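Heads up, data_31.pdb below (PDB, C-alpha atoms):
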```
ATOM      1  CA  MET A 135      69.528  18.880   6.752  1.00  0.00           C
ATOM      2  CA  THR A 136      68.623  16.203   9.217  1.00  0.00           C
ATOM      3  CA  PHE A 137      65.961  18.463  10.798  1.00  0.00           C
ATOM      4  CA  THR A 138      64.377  19.184   7.397  1.00  0.00           C
ATOM      5  CA  SER A 139      64.260  15.478   6.534  1.00  0.00           C
ATOM      6  CA  ILE A 140      62.486  14.681   9.808  1.00  0.00           C
ATOM      7  CA  ALA A 141      59.920  17.438   9.204  1.00  0.00           C
ATOM      8  CA  VAL A 142      59.127  16.110   5.735  1.00  0.00           C
ATOM      9  CA  GLY A 143      58.823  12.645   7.107  1.00  0.00           C
ATOM     10  CA  GLY A 144      56.434  13.954   9.771  1.00  0.00           C
ATOM     11  CA  VAL A 145      54.246  15.607   7.106  1.00  0.00           C
ATOM     12  CA  ALA A 146      54.142  12.383   5.122  1.00  0.00           C
ATOM     13  CA  LYS A 147      53.097  10.470   8.192  1.00  0.00           C
ATOM     14  CA  ALA A 148      50.441  13.061   8.970  1.00  0.00           C
ATOM     15  CA  LEU A 149      49.030  12.780   5.437  1.00  0.00           C
ATOM     16  CA  ILE A 150      48.951   9.019   5.707  1.00  0.00           C
ATOM     17  CA  GLY A 151      47.095   9.339   9.014  1.00  0.00           C
ATOM     18  CA  VAL A 152      44.489  11.649   7.446  1.00  0.00           C
ATOM     19  CA  THR A 153      43.967   9.310   4.507  1.00  0.00           C
ATOM     20  CA  ILE A 154      43.395   6.335   6.792  1.00  0.00           C
ATOM     21  CA  SER A 155      40.987   8.245   9.044  1.00  0.00           C
ATOM     22  CA  LEU A 156      38.747   9.156   6.067  1.00  0.00           C
ATOM     23  CA  HIS A 157      38.047   5.592   4.984  1.00  0.00           C
ATOM     24  CA  PRO A 158      35.888   4.490   7.961  1.00  0.00           C
ATOM     25  CA  GLY A 159      33.676   7.585   7.553  1.00  0.00           C
ATOM     26  CA  SER A 160      33.110   6.792   3.868  1.00  0.00           C
ATOM     27  CA  ALA A 161      32.189   3.206   4.694  1.00  0.00           C
ATOM     28  CA  ALA A 162      29.707   4.349   7.347  1.00  0.00           C
ATOM     29  CA  THR A 163      28.087   6.773   4.891  1.00  0.00           C
ATOM     30  CA  ALA A 164      27.708   4.052   2.252  1.00  0.00           C
ATOM     31  CA  HIS A 165      26.221   1.670   4.812  1.00  0.00           C
ATOM     32  CA  GLN A 166      23.731   4.293   5.998  1.00  0.00           C
ATOM     33  CA  ALA A 167      22.659   5.053   2.411  1.00  0.00           C
ATOM     34  CA  GLY A 168      21.788   1.389   1.892  1.00  0.00           C
ATOM     35  CA  ASP A 169      19.506   1.382   4.932  1.00  0.00           C
ATOM     36  CA  HIS A 170      17.228   4.148   3.615  1.00  0.00           C
ATOM     37  CA  VAL A 171      15.699   5.333   0.357  1.00  0.00           C
ATOM     38  CA  THR A 172      14.520   8.787  -0.634  1.00  0.00           C
ATOM     39  CA  VAL A 173      10.973   8.982  -1.980  1.00  0.00           C
ATOM     40  CA  LYS A 174      10.813  10.334  -5.533  1.00  0.00           C
ATOM     41  CA  ALA A 175       7.903  12.032  -7.272  1.00  0.00           C
ATOM     42  CA  GLY A 176       5.371   9.395  -8.347  1.00  0.00           C
ATOM     43  CA  ASP A 177       6.631   6.791  -5.871  1.00  0.00           C
ATOM     44  CA  SER A 178       4.299   4.631  -3.792  1.00  0.00           C
ATOM     45  CA  LEU A 179       5.003   2.004  -1.155  1.00  0.00           C
ATOM     46  CA  SER A 180       4.223  -0.620  -3.803  1.00  0.00           C
ATOM     47  CA  SER A 181       6.736   0.746  -6.325  1.00  0.00           C
ATOM     48  CA  ILE A 182       9.457   1.158  -3.681  1.00  0.00           C
ATOM     49  CA  SER A 183       8.767  -2.376  -2.419  1.00  0.00           C
ATOM     50  CA  GLN A 184       9.138  -3.657  -6.003  1.00  0.00           C
ATOM     51  CA  ARG A 185      12.525  -1.941  -6.362  1.00  0.00           C
ATOM     52  CA  GLU A 186      13.924  -2.798  -2.943  1.00  0.00           C
ATOM     53  CA  TYR A 187      12.330  -6.182  -2.157  1.00  0.00           C
ATOM     54  CA  GLY A 188      11.485  -7.508  -5.620  1.00  0.00           C
ATOM     55  CA  SER A 189       7.726  -7.651  -4.981  1.00  0.00           C
ATOM     56  CA  ALA A 190       5.143  -4.851  -4.973  1.00  0.00           C
ATOM     57  CA  ALA A 191       2.888  -7.038  -2.790  1.00  0.00           C
ATOM     58  CA  ASP A 192       5.390  -6.723   0.102  1.00  0.00           C
ATOM     59  CA  TRP A 193       4.488  -3.056   0.668  1.00  0.00           C
ATOM     60  CA  PRO A 194       2.865  -3.875   4.072  1.00  0.00           C
ATOM     61  CA  ALA A 195       6.327  -4.911   5.364  1.00  0.00           C
ATOM     62  CA  LEU A 196       7.801  -1.595   4.137  1.00  0.00           C
ATOM     63  CA  TRP A 197       4.968   0.296   5.814  1.00  0.00           C
ATOM     64  CA  TRP A 198       5.442  -1.676   9.034  1.00  0.00           C
ATOM     65  CA  ILE A 199       9.062  -0.576   9.559  1.00  0.00           C
ATOM     66  CA  ASN A 200       8.092   3.033   8.734  1.00  0.00           C
ATOM     67  CA  ARG A 201       4.720   3.129  10.510  1.00  0.00           C
ATOM     68  CA  GLY A 202       6.027   5.693  13.007  1.00  0.00           C
ATOM     69  CA  THR A 203       6.335   8.304  10.236  1.00  0.00           C
ATOM     70  CA  VAL A 204       3.910   6.944   7.605  1.00  0.00           C
ATOM     71  CA  ARG A 205       0.432   6.994   9.117  1.00  0.00           C
ATOM     72  CA  ASP A 206      -1.469   6.463   5.864  1.00  0.00           C
ATOM     73  CA  PRO A 207       0.151   3.900   3.490  1.00  0.00           C
ATOM     74  CA  ASN A 208      -1.234   5.864   0.545  1.00  0.00           C
ATOM     75  CA  LEU A 209       0.415   9.151   1.540  1.00  0.00           C
ATOM     76  CA  ILE A 210       4.182   9.511   1.157  1.00  0.00           C
ATOM     77  CA  GLN A 211       5.970  12.664   0.012  1.00  0.00           C
ATOM     78  CA  ALA A 212       8.838  13.264  -2.400  1.00  0.00           C
ATOM     79  CA  GLY A 213      12.053  13.786  -0.441  1.00  0.00           C
ATOM     80  CA  GLN A 214      10.872  11.704   2.512  1.00  0.00           C
ATOM     81  CA  GLN A 215      13.395   9.201   3.911  1.00  0.00           C
ATOM     82  CA  LEU A 216      12.118   5.625   4.362  1.00  0.00           C
ATOM     83  CA  LYS A 217      13.879   2.757   6.088  1.00  0.00           C
ATOM     84  CA  VAL A 218      14.277  -0.382   3.969  1.00  0.00           C
ATOM     85  CA  ALA A 219      16.663  -2.378   6.159  1.00  0.00           C
ATOM     86  CA  GLY A 220      15.303  -4.803   8.741  1.00  0.00           C
ATOM     87  CA  ARG A 221      12.263  -5.861   6.706  1.00  0.00           C
ATOM     88  CA  PRO A 222      10.058  -8.212   8.765  1.00  0.00           C
ATOM     89  CA  ALA A 223       8.504 -11.374   7.372  1.00  0.00           C
ATOM     90  CA  MET A 224       5.111 -10.892   5.724  1.00  0.00           C
ATOM     91  CA  THR A 225       2.538 -12.172   8.189  1.00  0.00           C
ATOM     92  CA  PRO A 226      -1.273 -11.936   8.195  1.00  0.00           C
ATOM     93  CA  ALA A 227      -1.035  -9.646  11.225  1.00  0.00           C
ATOM     94  CA  ILE A 228       1.184  -7.152   9.381  1.00  0.00           C
ATOM     95  CA  VAL A 229      -1.074  -7.255   6.308  1.00  0.00           C
ATOM     96  CA  ARG A 230      -4.157  -6.636   8.446  1.00  0.00           C
ATOM     97  CA  ALA A 231      -2.468  -3.739  10.228  1.00  0.00           C
ATOM     98  CA  ALA A 232      -1.392  -2.177   6.912  1.00  0.00           C
ATOM     99  CA  MET A 233      -4.858  -2.489   5.383  1.00  0.00           C
ATOM    100  CA  ALA A 234      -6.445  -1.095   8.548  1.00  0.00           C
ATOM    101  CA  ALA A 235      -4.195   1.975   8.273  1.00  0.00           C
ATOM    102  CA  VAL A 236      -5.708   2.812   4.853  1.00  0.00           C
ATOM    103  CA  PRO A 237      -8.621   5.221   5.469  1.00  0.00           C
ATOM    104  CA  GLN A 238     -11.957   3.844   4.345  1.00  0.00           C
ATOM    105  CA  PRO A 239     -13.831   5.924   1.742  1.00  0.00           C
ATOM    106  CA  VAL A 240     -16.752   7.925   3.012  1.00  0.00           C
ATOM    107  CA  ALA A 241     -19.874   7.498   0.888  1.00  0.00           C
ATOM    108  CA  VAL A 242     -21.687  10.795   0.388  1.00  0.00           C
ATOM    109  CA  PRO A 243     -25.457  10.228   0.211  1.00  0.00           C
ATOM    110  CA  ALA A 244     -27.166  11.688  -2.838  1.00  0.00           C
ATOM    111  CA  PRO A 245     -29.832  14.345  -2.216  1.00  0.00           C
ATOM    112  CA  GLU A 246     -33.343  12.932  -2.112  1.00  0.00           C
ATOM    113  CA  PRO A 247     -35.510  13.854  -5.102  1.00  0.00           C
ATOM    114  CA  VAL A 248     -38.393  16.269  -4.581  1.00  0.00           C
ATOM    115  CA  SER A 249     -41.639  14.302  -4.435  1.00  0.00           C
ATOM    116  CA  GLN A 250     -44.268  15.255  -7.003  1.00  0.00           C
ATOM    117  CA  ALA A 251     -47.032  13.302  -5.249  1.00  0.00           C
ATOM    118  CA  PRO A 252     -49.949  15.143  -3.621  1.00  0.00           C
ATOM    119  CA  ALA A 253     -49.364  16.306  -0.068  1.00  0.00           C
ATOM    120  CA  ALA A 254     -51.971  13.869   1.264  1.00  0.00           C
ATOM    121  CA  SER A 255     -50.134  10.752   0.028  1.00  0.00           C
ATOM    122  CA  ALA A 256     -47.023   9.565   1.794  1.00  0.00           C
ATOM    123  CA  ALA A 257     -43.937   9.145  -0.388  1.00  0.00           C
ATOM    124  CA  PRO A 258     -42.224   5.738  -0.153  1.00  0.00           C
ATOM    125  CA  ALA A 259     -39.093   5.624   1.948  1.00  0.00           C
ATOM    126  CA  GLN A 260     -35.897   6.123  -0.038  1.00  0.00           C
ATOM    127  CA  ALA A 261     -33.144   3.533   0.328  1.00  0.00           C
ATOM    128  CA  PRO A 262     -29.832   5.050   1.479  1.00  0.00           C
ATOM    129  CA  ALA A 263     -27.583   5.925  -1.429  1.00  0.00           C
ATOM    130  CA  GLN A 264     -24.406   3.929  -1.885  1.00  0.00           C
ATOM    131  CA  ALA A 265     -21.271   4.811  -3.770  1.00  0.00           C
ATOM    132  CA  SER A 266     -21.287   3.020  -7.136  1.00  0.00           C
ATOM    133  CA  SER A 267     -17.600   3.368  -7.953  1.00  0.00           C
ATOM    134  CA  TYR A 268     -14.242   3.358  -6.207  1.00  0.00           C
ATOM    135  CA  SER A 269     -10.679   3.383  -7.535  1.00  0.00           C
ATOM    136  CA  GLY A 270      -8.456   2.873  -4.480  1.00  0.00           C
ATOM    137  CA  ALA A 271      -5.239   4.762  -3.759  1.00  0.00           C
ATOM    138  CA  PRO A 272      -3.242   5.628  -6.922  1.00  0.00           C
ATOM    139  CA  GLY A 273      -0.351   3.222  -7.459  1.00  0.00           C
ATOM    140  CA  SER A 274      -1.460   0.730  -4.815  1.00  0.00           C
ATOM    141  CA  PHE A 275      -2.010  -2.999  -5.318  1.00  0.00           C
ATOM    142  CA  GLN A 276      -5.659  -2.479  -4.388  1.00  0.00           C
ATOM    143  CA  SER A 277      -6.100   0.151  -7.126  1.00  0.00           C
ATOM    144  CA  CYS A 278      -4.457  -2.137  -9.699  1.00  0.00           C
ATOM    145  CA  VAL A 279      -6.862  -4.982  -8.846  1.00  0.00           C
ATOM    146  CA  ILE A 280      -9.922  -2.714  -9.018  1.00  0.00           C
ATOM    147  CA  GLN A 281      -8.988  -1.339 -12.431  1.00  0.00           C
ATOM    148  CA  ALA A 282      -8.223  -4.788 -13.843  1.00  0.00           C
ATOM    149  CA  GLU A 283     -11.283  -6.522 -12.404  1.00  0.00           C
ATOM    150  CA  SER A 284     -14.127  -3.982 -12.586  1.00  0.00           C
ATOM    151  CA  GLY A 285     -12.784  -0.647 -13.784  1.00  0.00           C
ATOM    152  CA  GLY A 286     -14.010   0.835 -10.506  1.00  0.00           C
ATOM    153  CA  ASN A 287     -17.658  -0.218 -10.968  1.00  0.00           C
ATOM    154  CA  ALA A 288     -18.849  -1.540  -7.599  1.00  0.00           C
ATOM    155  CA  SER A 289     -21.934  -3.125  -9.239  1.00  0.00           C
ATOM    156  CA  ALA A 290     -20.095  -4.885 -12.083  1.00  0.00           C
ATOM    157  CA  VAL A 291     -21.067  -8.525 -12.764  1.00  0.00           C
ATOM    158  CA  ASN A 292     -19.310 -11.071 -14.964  1.00  0.00           C
ATOM    159  CA  PRO A 293     -22.154 -12.813 -16.845  1.00  0.00           C
ATOM    160  CA  SER A 294     -20.003 -15.892 -17.504  1.00  0.00           C
ATOM    161  CA  SER A 295     -18.677 -16.639 -14.020  1.00  0.00           C
ATOM    162  CA  GLY A 296     -21.155 -14.767 -11.845  1.00  0.00           C
ATOM    163  CA  ALA A 297     -18.309 -12.899 -10.116  1.00  0.00           C
ATOM    164  CA  GLY A 298     -19.228  -9.395  -9.060  1.00  0.00           C
ATOM    165  CA  GLY A 299     -18.272  -6.138  -7.396  1.00  0.00           C
ATOM    166  CA  LEU A 300     -15.071  -4.091  -7.404  1.00  0.00           C
ATOM    167  CA  TYR A 301     -12.873  -7.157  -6.878  1.00  0.00           C
ATOM    168  CA  GLN A 302     -15.007  -9.671  -8.824  1.00  0.00           C
ATOM    169  CA  PHE A 303     -15.559 -12.063  -5.941  1.00  0.00           C
ATOM    170  CA  LEU A 304     -17.331 -15.306  -6.786  1.00  0.00           C
ATOM    171  CA  PRO A 305     -20.508 -15.726  -4.707  1.00  0.00           C
ATOM    172  CA  SER A 306     -19.002 -18.813  -3.055  1.00  0.00           C
ATOM    173  CA  THR A 307     -15.820 -16.917  -2.081  1.00  0.00           C
ATOM    174  CA  TRP A 308     -17.881 -13.991  -0.838  1.00  0.00           C
ATOM    175  CA  GLN A 309     -19.898 -16.255   1.455  1.00  0.00           C
ATOM    176  CA  ALA A 310     -16.802 -18.166   2.594  1.00  0.00           C
ATOM    177  CA  LEU A 311     -15.350 -14.847   3.769  1.00  0.00           C
ATOM    178  CA  GLY A 312     -18.415 -14.437   5.987  1.00  0.00           C
ATOM    179  CA  PHE A 313     -20.467 -11.970   3.936  1.00  0.00           C
ATOM    180  CA  SER A 314     -24.104 -12.385   2.951  1.00  0.00           C
ATOM    181  CA  GLY A 315     -25.904 -11.582  -0.284  1.00  0.00           C
ATOM    182  CA  LEU A 316     -23.910 -10.874  -3.434  1.00  0.00           C
ATOM    183  CA  PRO A 317     -20.723  -8.781  -3.683  1.00  0.00           C
ATOM    184  CA  GLN A 318     -22.110  -6.498  -6.410  1.00  0.00           C
ATOM    185  CA  ASN A 319     -25.008  -5.524  -4.113  1.00  0.00           C
ATOM    186  CA  ALA A 320     -22.786  -4.726  -1.134  1.00  0.00           C
ATOM    187  CA  SER A 321     -21.516  -1.268  -0.194  1.00  0.00           C
ATOM    188  CA  VAL A 322     -18.043  -0.145  -1.222  1.00  0.00           C
ATOM    189  CA  ALA A 323     -16.952  -0.264   2.423  1.00  0.00           C
ATOM    190  CA  GLU A 324     -18.110  -3.888   2.747  1.00  0.00           C
ATOM    191  CA  GLN A 325     -16.378  -4.868  -0.512  1.00  0.00           C
ATOM    192  CA  ASN A 326     -13.163  -3.216   0.725  1.00  0.00           C
ATOM    193  CA  ALA A 327     -13.456  -5.167   3.980  1.00  0.00           C
ATOM    194  CA  ALA A 328     -13.796  -8.421   2.019  1.00  0.00           C
ATOM    195  CA  PHE A 329     -10.719  -7.514  -0.053  1.00  0.00           C
ATOM    196  CA  ALA A 330      -8.697  -6.826   3.111  1.00  0.00           C
ATOM    197  CA  LYS A 331      -9.790 -10.149   4.633  1.00  0.00           C
ATOM    198  CA  GLU A 332      -8.933 -12.164   1.514  1.00  0.00           C
ATOM    199  CA  TYR A 333      -5.599 -10.351   1.169  1.00  0.00           C
ATOM    200  CA  ALA A 334      -4.744 -11.105   4.795  1.00  0.00           C
ATOM    201  CA  GLN A 335      -5.521 -14.795   4.261  1.00  0.00           C
ATOM    202  CA  SER A 336      -4.028 -15.396   0.800  1.00  0.00           C
ATOM    203  CA  GLY A 337      -1.927 -12.344  -0.090  1.00  0.00           C
ATOM    204  CA  SER A 338      -1.998 -11.308  -3.742  1.00  0.00           C
ATOM    205  CA  SER A 339      -2.441 -14.861  -5.090  1.00  0.00           C
ATOM    206  CA  ALA A 340      -6.184 -14.399  -5.656  1.00  0.00           C
ATOM    207  CA  TRP A 341      -5.555 -11.650  -8.226  1.00  0.00           C
ATOM    208  CA  SER A 342      -1.911 -11.342  -9.322  1.00  0.00           C
ATOM    209  CA  PRO A 343      -1.863 -14.346 -11.714  1.00  0.00           C
ATOM    210  CA  TYR A 344      -4.796 -12.860 -13.644  1.00  0.00           C
ATOM    211  CA  ASP A 345      -4.462  -9.078 -13.293  1.00  0.00           C
ATOM    212  CA  GLY A 346      -0.692  -8.582 -13.559  1.00  0.00           C
ATOM    213  CA  CYS A 347      -0.644  -6.502 -10.377  1.00  0.00           C
TER     214      CYS A 347
END
```
Show me the file's structure as structure tokens.
Amino acid sequence: MTFTSIAVGGVAKALIGVTISLHPGSAATAHQAGDHVTVKAGDSLSSISQREYGSAADWPALWWINRGTVRDPNLIQAGQQLKVAGRPAMTPAIVRAAMAAVPQPVAVPAPEPVSQAPAASAAPAQAPAQASSYSGAPGSFQSCVIQAESGGNASAVNPSSGAGGLYQFLPSTWQALGFSGLPQNASVAEQNAAFAKEYAQSGSSAWSPYDGC
């Protein structure tokens, strides 16, 4: 009887030991889950930044800590694991790096019209074609601003304020950023460069209060 009692006691101790050894593993799993998120269908860096950090405009910080696996901030895939822990402070350098990682659109020149003039007369030189619209990456802060400000029309002009282009820059702001002429007459690439420069200097404050982005 004494031998049986000791054996039962040994089993009880063994069970207690197993129960205790499981707890640290569960805690480590929970901690690891909080350090990463899994991308869902329809997610963007902006939407994940809104959920995890409380601000969609902080997506450059999210991209920065995942830049080794996310080359293009506009391209993330459902099921992909992203780090969210260790977010760095939003600095102009990080914003510039994030905007520089977004591929610039390539304007496709329109075919030149066939001249109907006589062969002896020289046709006037055609100005290079420029893209007249641009929407930005779906779900991004940039896309939200474009849709709210100009609807994607790169030549749009506000007759009341004189603001123009995709991002509705005032002429004075456009010139202060170091660009010449008027924003609505500039190429899409130049307007995107002005947006990136203003965003690096002021963040989303130039648009968020008015566009709800």
Spell out the residues picked by the PyMOL selection byres ((chain A and resi 207) around 7) here, as an MDAnalysis selection string.
chainID A and resid 179 197 204:206 208:209 235:236
Specify as a VMD selection string each residue included when the PyMOL selection byres ((chain A and resi 324) around 12) is applied to this file.
chain A and resid 238 to 241 264 to 265 288 299 to 301 308 311 to 323 325 to 331
Using all atoms listed in the file, give me every residue within 10 Å of (-3.7, 7.8, -7.4) in file coordinates, as a compact mmCIF listing (two decimals) with C-alpha atoms, in the coordinates of the input.
```txt
# COMPACT_ATOMS: atom_id res chain seq x y z
CA GLY A 176 5.37 9.40 -8.35
CA SER A 178 4.30 4.63 -3.79
CA ASN A 208 -1.23 5.86 0.55
CA LEU A 209 0.42 9.15 1.54
CA SER A 269 -10.68 3.38 -7.54
CA GLY A 270 -8.46 2.87 -4.48
CA ALA A 271 -5.24 4.76 -3.76
CA PRO A 272 -3.24 5.63 -6.92
CA GLY A 273 -0.35 3.22 -7.46
CA SER A 274 -1.46 0.73 -4.82
CA SER A 277 -6.10 0.15 -7.13
```
One residue among A:Val171, A:Ala190, A:Leu304, A:Ala297 is nearest to Ala219 (chain A) when using only C-alpha atoms, and that residue is A:Val171
Evaluate the PyMOL selection byres ((chain A and resi 172) around 10) and record the selected residues as a PyMOL selection string, following the chain and residue labels used in the document.
chain A and resi 167+170-171+173-175+177+182+211-217
Interatomic distance (Å, one decimal) between CA of Gly188 (chain A) and CA of Ala227 (chain A):
21.1 Å
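From CA of Ala290 (chain A) back to CA of Phe303 (chain A), the distance works out to 10.5 Å.
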Atom-to-atom span, CA of Ala232 (chain A) and CA of Asp192 (chain A), Å:
10.6 Å
At a cut-off of 6 Å, using all atoms listed in the file, what residues contact region 333-339 of chain A? Leave out same-chain residues fewer than 6 positions from it and give the result as a PyMOL selection string.
chain A and resi 226+229-230
Thr307 (chain A) proximity check over A:Leu196, A:Gln281, A:Glu332, A:Thr203, using only C-alpha atoms: winner is A:Glu332
Centre and edge lengths of an axis-aligned box around all listed atoms of region 218-224 of chain A, with 6 Å added on each side, are to be given in Å to one decimal, as AutoDock Vina command-line options.
```
--center_x 10.9 --center_y -5.9 --center_z 6.4 --size_x 23.6 --size_y 23.0 --size_z 16.8
```
Which residue, A:Gln276, A:Gln309, A:Ser295, A:Gln184, has the smallest gap to Met233 (chain A) when you use all atoms listed in the file?
A:Gln276
Please list as a list of chain:residue names every residue within 9 Å of Ala195 (chain A), counting all atoms listed in the file and excluding residues in the same chain fewer than 2 positions away.
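Result of the neighbour search: A:Ser183, A:Asp192, A:Trp193, A:Trp197, A:Trp198, A:Ile199, A:Asn200, A:Arg221, A:Pro222, A:Ala223, A:Met224, A:Thr225, A:Ile228, A:Val229, A:Ala232.
Residue nearest Val279 (chain A) within the list A:Gly346, A:Ala234, A:Val291, A:Pro305: A:Gly346 [criterion: smallest interatomic distance, all atoms listed in the file].
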